[in-house]
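A.B. asks: upload_22.tsv is reproduced in full below (TSV, C-alpha atoms and all ligand atoms).
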chain	number	residue	atom	x	y	z
A	1	MET	CA	0.00	0.00	0.00
A	2	PRO	CA	1.21	3.57	-0.67
A	3	TRP	CA	1.70	4.37	3.02
A	4	GLN	CA	3.98	1.38	3.50
A	5	THR	CA	6.70	2.73	1.25
A	6	ASP	CA	8.22	5.10	3.75
A	7	ARG	CA	8.12	5.73	7.45
A	8	ASN	CA	7.12	9.34	7.37
A	9	ALA	CA	5.07	10.16	10.48
A	10	TYR	CA	2.64	12.43	8.59
A	11	ARG	CA	1.85	9.70	6.07
A	12	VAL	CA	1.60	6.93	8.63
A	13	TRP	CA	-0.71	9.06	10.78
A	14	LEU	CA	-2.89	10.01	7.78
A	15	SER	CA	-3.27	6.38	6.70
A	16	GLU	CA	-3.97	5.18	10.24
A	17	VAL	CA	-6.76	7.72	10.72
A	18	MET	CA	-8.30	6.86	7.35
A	19	LEU	CA	-8.12	3.13	7.98
A	20	GLN	CA	-9.87	3.36	11.35
A	21	GLN	CA	-13.34	2.88	9.84
A	22	THR	CA	-12.67	2.47	6.13
A	23	GLN	CA	-11.77	-0.35	3.73
A	24	VAL	CA	-8.18	-0.33	2.47
A	25	ALA	CA	-9.11	0.20	-1.21
A	26	THR	CA	-11.27	3.24	-0.40
A	27	ALA	CA	-8.74	4.69	2.01
A	28	ALA	CA	-5.97	4.38	-0.62
A	29	THR	CA	-7.88	6.64	-3.03
A	30	TYR	CA	-8.50	9.30	-0.40
A	31	TYR	CA	-4.94	8.98	0.87
A	32	ARG	CA	-3.50	9.87	-2.55
A	33	ARG	CA	-5.97	12.72	-2.93
A	34	PHE	CA	-5.03	14.16	0.45
A	35	LEU	CA	-1.29	13.92	-0.23
A	36	GLU	CA	-1.68	15.72	-3.55
A	37	ARG	CA	-3.52	18.58	-1.87
A	38	PHE	CA	-1.72	18.58	1.50
A	39	PRO	CA	1.76	17.07	0.97
A	40	ASP	CA	2.77	17.62	4.59
A	41	VAL	CA	1.41	18.54	7.97
A	42	VAL	CA	2.14	22.25	7.49
A	43	HIS	CA	-0.05	22.43	4.37
A	44	LEU	CA	-2.85	20.56	6.14
A	45	ALA	CA	-2.66	22.87	9.15
A	46	ALA	CA	-2.90	25.94	6.90
A	47	ALA	CA	-6.06	24.71	5.14
A	48	SER	CA	-9.56	25.79	6.11
A	49	GLN	CA	-11.76	23.26	7.91
A	50	ASP	CA	-14.22	23.42	5.02
A	51	ASP	CA	-11.45	22.40	2.59
A	52	VAL	CA	-10.51	19.42	4.73
A	53	LEU	CA	-14.12	18.31	5.24
A	54	GLY	CA	-14.82	18.74	1.52
A	55	LEU	CA	-11.92	16.48	0.60
A	56	TRP	CA	-13.02	13.96	3.23
A	57	SER	CA	-16.59	13.92	1.90
A	58	GLY	CA	-17.71	10.33	1.32
A	59	LEU	CA	-15.35	8.73	3.85
A	60	GLY	CA	-17.85	9.13	6.70
A	61	TYR	CA	-17.11	9.47	10.43
A	62	TYR	CA	-16.41	13.16	9.96
A	63	SER	CA	-15.10	13.64	13.49
A	64	ARG	CA	-11.96	11.98	12.11
A	65	ALA	CA	-11.55	14.81	9.58
A	66	ARG	CA	-12.12	17.51	12.19
A	67	ASN	CA	-9.59	15.88	14.51
A	68	LEU	CA	-7.17	15.43	11.61
A	69	HIS	CA	-7.25	19.15	10.97
A	70	ALA	CA	-7.03	20.07	14.67
A	71	CYS	CA	-4.16	17.61	15.14
A	72	ALA	CA	-2.20	19.07	12.20
A	73	ARG	CA	-2.56	22.53	13.72
A	74	GLU	CA	-1.31	21.32	17.09
A	75	VAL	CA	1.65	19.50	15.54
A	76	VAL	CA	2.63	22.81	13.95
A	77	THR	CA	1.98	25.08	16.94
A	78	ARG	CA	3.17	22.79	19.74
A	79	PHE	CA	5.86	20.74	18.02
A	80	GLY	CA	7.11	22.97	15.19
A	81	GLY	CA	5.66	20.76	12.45
A	82	ARG	CA	7.28	17.49	13.61
A	83	PHE	CA	5.29	14.68	15.18
A	84	PRO	CA	6.52	13.79	18.68
A	85	GLU	CA	8.18	10.37	18.97
A	86	SER	CA	6.70	9.06	22.22
A	87	VAL	CA	3.30	7.49	22.70
A	88	ALA	CA	2.86	9.62	25.83
A	89	LEU	CA	3.03	12.83	23.75
A	90	LEU	CA	1.29	11.48	20.67
A	91	VAL	CA	-1.88	10.62	22.63
A	92	THR	CA	-2.17	14.26	23.74
A	93	LEU	CA	-2.96	15.23	20.13
A	94	PRO	CA	-6.60	15.37	18.89
A	95	GLY	CA	-7.87	12.10	17.40
A	96	ILE	CA	-4.77	10.08	18.25
A	97	GLY	CA	-5.65	7.18	20.54
A	98	PRO	CA	-3.24	4.62	22.03
A	99	SER	CA	-3.34	2.34	18.98
A	100	THR	CA	-2.64	5.06	16.40
A	101	ALA	CA	0.07	6.47	18.67
A	102	ALA	CA	1.66	3.02	18.95
A	103	ALA	CA	1.54	2.59	15.15
A	104	ILE	CA	3.30	5.93	14.57
A	105	ALA	CA	5.87	5.28	17.31
A	106	ALA	CA	6.58	1.73	16.11
A	107	PHE	CA	6.64	2.43	12.36
A	108	CYS	CA	8.46	5.73	12.35
A	109	PHE	CA	10.58	5.76	15.48
A	110	GLY	CA	11.15	2.04	16.19
A	111	ALA	CA	9.53	2.25	19.63
A	112	ARG	CA	8.65	-1.07	21.28
A	113	GLU	CA	4.98	-0.19	21.43
A	114	ALA	CA	2.41	-2.75	20.35
A	115	ILE	CA	-0.63	-1.54	18.48
A	116	PHE	CA	-3.88	-2.79	19.96
A	117	ASP	CA	-6.73	-2.16	17.56
A	118	GLY	CA	-9.70	-4.45	16.85
A	119	ASN	CA	-7.70	-6.61	14.44
A	120	VAL	CA	-4.85	-7.13	16.87
A	121	LYS	CA	-7.22	-7.92	19.76
A	122	ARG	CA	-8.86	-10.63	17.69
A	123	VAL	CA	-5.58	-12.18	16.49
A	124	ALA	CA	-4.07	-12.11	19.98
A	125	ALA	CA	-7.17	-13.57	21.65
A	126	ARG	CA	-7.20	-16.44	19.14
A	127	LEU	CA	-3.49	-17.18	19.22
A	128	ALA	CA	-3.57	-17.41	23.03
A	129	ALA	CA	-7.15	-18.78	23.33
A	130	PHE	CA	-7.73	-15.83	25.66
A	131	ASN	CA	-11.23	-16.47	26.95
A	132	ALA	CA	-11.73	-13.63	29.44
A	133	ASP	CA	-14.54	-11.21	28.59
A	134	LEU	CA	-13.06	-8.17	26.75
A	135	SER	CA	-16.01	-6.00	27.71
A	136	LYS	CA	-14.20	-5.65	31.06
A	137	ALA	CA	-11.33	-3.15	31.02
A	138	ARG	CA	-9.20	-5.31	33.30
A	139	ASN	CA	-9.29	-8.23	30.84
A	140	GLU	CA	-8.51	-5.96	27.93
A	141	ARG	CA	-5.46	-4.66	29.79
A	142	ASP	CA	-4.29	-8.24	30.40
A	143	LEU	CA	-4.57	-9.07	26.70
A	144	GLN	CA	-2.75	-5.87	25.77
A	145	ALA	CA	0.06	-6.80	28.17
A	146	LEU	CA	0.31	-10.16	26.41
A	147	VAL	CA	0.75	-8.44	23.05
A	148	GLN	CA	3.26	-6.00	24.52
A	149	VAL	CA	5.55	-8.78	25.83
A	150	SER	CA	5.50	-10.36	22.37
A	151	THR	CA	7.12	-7.34	20.72
A	152	PRO	CA	10.61	-7.94	19.30
A	153	THR	CA	13.56	-6.79	21.38
A	154	SER	CA	15.21	-5.03	18.44
A	155	ALA	CA	13.74	-1.66	17.46
A	156	ALA	CA	14.66	-2.38	13.84
A	157	ASP	CA	12.14	-5.25	13.80
A	158	MET	CA	9.24	-3.18	15.08
A	159	PRO	CA	7.90	-1.93	11.70
A	160	ALA	CA	7.76	-5.48	10.25
A	161	PHE	CA	6.23	-6.88	13.45
A	162	THR	CA	3.58	-4.15	13.53
A	163	GLN	CA	2.75	-4.43	9.84
A	164	GLY	CA	2.63	-8.24	10.02
A	165	LEU	CA	0.22	-8.18	12.94
A	166	MET	CA	-2.05	-5.67	11.22
A	167	ASP	CA	-2.01	-7.53	7.90
A	168	LEU	CA	-2.69	-10.87	9.56
A	169	GLY	CA	-5.79	-9.45	11.24
A	170	ALA	CA	-7.00	-7.65	8.11
A	171	THR	CA	-6.46	-10.40	5.55
A	172	VAL	CA	-6.10	-13.86	7.20
A	173	CYS	CA	-7.46	-13.90	10.72
A	174	THR	CA	-10.66	-12.10	9.76
A	175	PRO	CA	-13.72	-11.89	12.04
A	176	ARG	CA	-16.11	-14.21	10.23
A	177	ALA	CA	-14.09	-16.50	7.97
A	178	PRO	CA	-10.49	-16.82	9.18
A	179	LYS	CA	-8.23	-18.58	6.67
A	180	CYS	CA	-6.47	-20.87	9.10
A	181	GLY	CA	-5.27	-23.12	6.26
A	182	VAL	CA	-2.91	-20.41	4.98
A	183	CYS	CA	-2.07	-18.86	8.33
A	184	PRO	CA	1.60	-19.01	9.36
A	185	PHE	CA	0.49	-19.59	12.97
A	186	GLU	CA	-1.78	-22.53	12.30
A	187	ARG	CA	0.33	-25.01	14.29
A	188	ASP	CA	0.86	-22.72	17.25
A	189	CYS	CA	-2.56	-21.13	17.43
A	190	ALA	CA	-4.34	-22.21	20.60
A	191	ALA	CA	-7.76	-21.34	19.17
A	192	PHE	CA	-7.21	-23.38	16.01
A	193	GLN	CA	-5.89	-26.33	18.03
A	194	GLY	CA	-8.70	-26.00	20.57
A	195	ALA	CA	-12.20	-24.53	20.55
A	196	GLY	CA	-11.82	-22.95	17.09
A	197	PRO	CA	-11.33	-19.31	16.03
A	198	GLN	CA	-14.99	-18.37	16.28
A	199	ALA	CA	-14.89	-18.90	20.06
A	200	TYR	CA	-12.61	-15.82	20.40
A	201	PRO	CA	-12.52	-13.03	21.29
A	202	VAL	CA	-15.14	-13.19	24.02
A	203	ASN	CA	-17.08	-9.96	24.36
A	204	SER	CA	-20.44	-9.85	26.10
A	205	ARG	CA	-21.11	-6.23	25.18
A	206	LYS	CA	-23.79	-6.39	22.53
A	207	LEU	CA	-24.32	-3.26	20.48
A	208	LEU	CA	-27.93	-2.85	19.45
A	209	ARG	CA	-28.76	-1.07	16.21
A	210	LYS	CA	-30.78	2.04	16.72
A	211	ARG	CA	-33.20	3.67	14.30
A	212	ILE	CA	-33.30	7.44	13.90
A	213	ASP	CA	-35.97	9.25	11.86
A	214	SER	CA	-35.51	12.79	10.59
A	215	GLU	CA	-37.38	15.16	8.34
A	216	TRP	CA	-34.90	16.43	5.76
A	217	LEU	CA	-35.91	19.91	4.70
A	218	TRP	CA	-34.81	20.83	1.17
A	219	LEU	CA	-35.68	24.53	0.80
A	220	SER	CA	-35.07	26.07	-2.60
A	221	HIS	CA	-35.44	29.57	-3.96
A	222	GLN	CA	-34.67	30.64	-7.52
A	223	GLY	CA	-32.13	27.86	-8.10
A	224	MET	CA	-30.54	28.19	-4.66
A	225	THR	CA	-30.69	25.68	-1.80
A	226	TRP	CA	-30.66	26.38	1.92
A	227	LEU	CA	-27.78	24.59	3.64
A	228	GLN	CA	-27.22	24.53	7.36
A	229	ASN	CA	-23.79	24.27	8.97
A	230	ARG	CA	-24.26	21.40	11.43
A	231	PRO	CA	-22.93	21.54	14.98
A	232	ALA	CA	-19.33	20.35	15.35
A	233	SER	CA	-20.32	17.27	17.32
A	234	GLY	CA	-22.89	14.63	16.35
A	235	LEU	CA	-23.93	13.18	13.00
A	236	TRP	CA	-22.30	14.93	10.04
A	237	GLY	CA	-20.66	17.25	12.54
A	238	GLY	CA	-19.30	20.47	11.02
A	239	LEU	CA	-20.63	19.63	7.53
A	240	TRP	CA	-23.22	21.45	5.44
A	241	SER	CA	-26.59	19.84	4.83
A	242	PRO	CA	-30.24	20.75	4.37
A	243	PRO	CA	-31.64	20.94	7.92
A	244	THR	CA	-32.69	17.69	9.61
A	245	LEU	CA	-35.66	18.19	11.94
A	246	ASP	CA	-37.95	16.12	14.07
A	247	GLY	CA	-41.64	15.86	13.20
A	248	LEU	CA	-42.73	18.57	15.65
A	249	GLN	CA	-40.16	21.09	14.40
A	250	LEU	CA	-41.31	20.52	10.82
A	251	THR	CA	-44.99	20.87	11.77
A	252	VAL	CA	-44.34	24.20	13.53
A	253	LEU	CA	-42.41	25.54	10.52
A	254	THR	CA	-44.98	24.29	8.03
A	255	GLN	CA	-47.76	26.06	9.91
A	256	ARG	CA	-45.81	29.28	10.36
A	257	PHE	CA	-45.03	29.60	6.64
A	258	ASP	CA	-48.18	27.90	5.41
A	259	TRP	CA	-46.17	25.32	3.46
A	260	GLN	CA	-48.77	22.51	3.68
A	261	HIS	CA	-49.76	22.68	0.03
A	262	ARG	CA	-46.31	23.32	-1.40
A	263	ALA	CA	-44.40	20.56	0.41
A	264	VAL	CA	-43.35	17.69	-1.86
A	265	ARG	CA	-42.36	14.53	-0.06
A	266	LEU	CA	-39.86	12.19	-1.71
A	267	PRO	CA	-39.08	8.57	-0.77
A	268	THR	CA	-37.16	7.95	2.44
A	269	ILE	CA	-33.42	7.48	2.24
A	270	LYS	CA	-31.85	5.00	4.63
A	271	HIS	CA	-28.39	6.07	5.66
A	272	VAL	CA	-26.55	3.19	7.36
A	273	LEU	CA	-24.10	4.11	10.13
A	274	THR	CA	-22.10	1.71	12.31
A	275	HIS	CA	-24.70	1.22	15.02
A	276	ARG	CA	-27.57	3.25	13.64
A	277	ASP	CA	-29.89	3.40	10.67
A	278	TRP	CA	-30.74	6.98	9.87
A	279	HIS	CA	-34.02	7.33	7.97
A	280	LEU	CA	-34.09	10.68	6.19
A	281	ASN	CA	-37.47	11.80	4.85
A	282	PRO	CA	-36.88	14.49	2.19
A	283	VAL	CA	-39.40	17.32	2.13
A	284	CYS	CA	-38.88	19.76	-0.77
A	285	ILE	CA	-40.35	23.29	-0.66
A	286	GLU	CA	-39.95	26.23	-3.04
A	287	VAL	CA	-39.71	29.29	-0.80
A	288	ALA	CA	-41.58	32.44	-1.85
A	289	ASP	CA	-39.81	35.82	-2.17
A	290	GLU	CA	-41.49	37.29	0.89
A	291	GLU	CA	-40.52	34.28	3.07
A	292	ARG	CA	-36.86	34.37	2.25
A	293	GLU	CA	-35.77	37.02	4.77
A	294	ALA	CA	-37.88	35.52	7.55
A	295	LEU	CA	-35.94	32.23	7.41
A	296	ALA	CA	-32.99	33.90	9.10
A	297	ASP	CA	-35.14	34.22	12.25
A	298	VAL	CA	-35.76	30.49	12.52
A	299	PRO	CA	-33.30	29.01	15.05
A	300	ASP	CA	-33.86	25.45	13.78
A	301	LEU	CA	-32.44	26.45	10.37
A	302	MET	CA	-29.43	28.37	11.62
A	303	PRO	CA	-26.56	28.82	11.09
A	304	GLY	CA	-27.25	28.50	7.40
A	305	ARG	CA	-27.21	30.22	4.04
A	306	TRP	CA	-28.46	30.03	0.48
A	307	VAL	CA	-26.12	28.16	-1.83
A	308	ALA	CA	-26.34	28.92	-5.53
A	309	GLY	CA	-26.02	26.47	-8.43
A	310	ASP	CA	-23.32	23.87	-7.89
A	311	GLU	CA	-21.45	25.81	-5.21
A	312	TRP	CA	-22.19	22.83	-2.92
A	313	ARG	CA	-19.50	20.89	-4.81
A	314	ARG	CA	-16.85	23.07	-3.18
A	315	MET	CA	-18.25	22.80	0.34
A	316	GLY	CA	-17.80	20.20	3.05
A	317	ILE	CA	-20.93	18.11	2.60
A	318	PRO	CA	-21.72	14.45	3.36
A	319	ALA	CA	-21.87	11.97	0.46
A	320	ALA	CA	-25.62	11.49	0.97
A	321	VAL	CA	-26.21	15.22	0.37
A	322	SER	CA	-24.09	15.33	-2.79
A	323	ALA	CA	-25.86	12.18	-4.07
A	324	PHE	CA	-29.22	13.86	-3.51
A	325	PHE	CA	-28.08	17.07	-5.20
A	326	LYS	CA	-27.01	15.04	-8.24
A	327	VAL	CA	-30.36	13.30	-8.38
A	328	LEU	CA	-32.26	16.57	-8.11
A	329	SER	CA	-30.24	18.13	-10.93
A	330	ALA	CA	-30.48	15.04	-13.18
A	331	PRO	CA	-32.87	15.19	-16.15
A	332	LEU	CA	-34.94	12.22	-14.99
A	333	SER	CA	-37.56	12.76	-12.31
A	334	ALA	CA	-36.13	12.69	-8.78
A	335	SER	CA	-38.40	9.92	-7.59
A	336	GLU	CA	-37.05	7.55	-10.25
A	337	ALA	CA	-33.52	7.37	-8.95
A	338	LEU	CA	-33.28	8.47	-5.34
A	339	PRO	CA	-30.22	7.21	-3.48
A	340	GLY	CA	-30.95	4.57	-0.87
A	341	ARG	CA	-34.17	3.33	-2.41
B	401	LIG	FE1	-6.36	-16.80	13.25
B	401	LIG	FE2	-6.68	-19.27	12.34
B	401	LIG	FE3	-4.31	-18.09	12.21
B	401	LIG	FE4	-5.30	-18.84	14.55
B	401	LIG	S1	-4.71	-20.17	12.85
B	401	LIG	S2	-4.31	-16.88	14.11
B	401	LIG	S3	-7.44	-18.44	14.25
B	401	LIG	S4	-6.17	-17.45	11.11
Show this structure as structure tokens.

C.D. replies:
Amino acid sequence: MPWQTDRNAYRVWLSEVMLQQTQVATAATYYRRFLERFPDVVHLAAASQDDVLGLWSGLGYYSRARNLHACAREVVTRFGGRFPESVALLVTLPGIGPSTAAAIAAFCFGAREAIFDGNVKRVAARLAAFNADLSKARNERDLQALVQVSTPTSAADMPAFTQGLMDLGATVCTPRAPKCGVCPFERDCAAFQGAGPQAYPVNSRKLLRKRIDSEWLWLSHQGMTWLQNRPASGLWGGLWSPPTLDGLQLTVLTQRFDWQHRAVRLPTIKHVLTHRDWHLNPVCIEVADEEREALADVPDLMPGRWVAGDEWRRMGIPAAVSAFFKVLSAPLSASEALPGR
């Protein structure tokens, strides 16, 4: 992969953040795009947040992009544009957790720090047939200690050890269908020799999927669309989108502006997140001239502004919004090809 060709801390950090919730093939495309635009941490720090979010659009989990930007700025202001070498300092930077810090320290500075992400936890639990419940912090610490004592004594071996562990988890010892037949640890793996890989890791914490329903208010006026800048935290944090409201908020607005007869409802779009299904119900309304000024007084729509033509293409917007814009501007009728149907 492109980030494996050198041990530059900026590149390793960028790839680690992108790979946290994204498939390798997708991350590789974004990685190249980011490096073209921001070849080093100084360029990234100097960019506007909107530029960074715009380039990240489509990768999801936008808090990663906000942290990426904030981290770049701190690396420049606190450390003169050079990433610190110790895990203790790396974890003080925004968006860098223990595993990412260990990856940077091990890959770039040869530190004897074991990464401990989901892949590594699974591989380690299987190799050792570690059957304690990982939903308990104490057990997780014990497993981490086991990985830590397995690190090579020579710093020069750390990059290969770290990469090997990550690749094993990502390509061979996968969650659902581990390929034990081609695994170099087949003979020594306690899980394979015993209860089988599927028995590990043990984790009693069950994450239930949650359903969220929102009214998605697409206001237009003479070819412009109203976009709201979403709060920094939460879904699509910091990005621009047509406002998402609950049913009561929409009812109040509809009555205030007498939109009942102008509102056009389009089919629901299901936006799948890690532990949530977000059902967005698009409501399209052409705003009259005399209503336009009054919108600025509606707290539920602020902060926001009218966006003309295809200006949205240069803004930080989620992929679902750009997909919907494309559908609305396509020659065929919107209801024929809505994303998520
Ligand atoms: Fe994973 Fe199977 Fe290899 Fe054990 S032998 S580490 S379970 S792929």

A.B. asks: Looking at all atoms listed in the file, which of A:Asp50, A:Glu113, A:Glu16, A:Asp188 is the one that sits closest to Ile96 of chain A?

C.D. replies: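 Counting all atoms listed in the file, the residue closest to Ile96 of chain A is A:Glu16.
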
A.B. asks: Go through the chains and note each residue within 10 Å of ligand LIG 401 (chain B), using only C-alpha atoms and all ligand atoms, then give the set as number ranges by chain.

C.D. replies: A: 122-129, 165, 168-169, 171-175, 177-200

A.B. asks: Quick check, in Å to one decimal: how far apart do atom CA of Leu44 of chain A and atom CA of Phe109 of chain A lie?

C.D. replies: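 It comes out at 22.1 Å.
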
A.B. asks: What does the distance from atom CA of Val52 of chain A to atom CA of Ala65 of chain A come to in Å, to one decimal?

C.D. replies: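 Going from atom CA of Val52 of chain A over to atom CA of Ala65 of chain A covers 6.8 Å.
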
A.B. asks: Atom CA of Asp117 of chain A and atom CA of Leu68 of chain A, how far apart in Å?

C.D. replies: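 The value is 18.6 Å.
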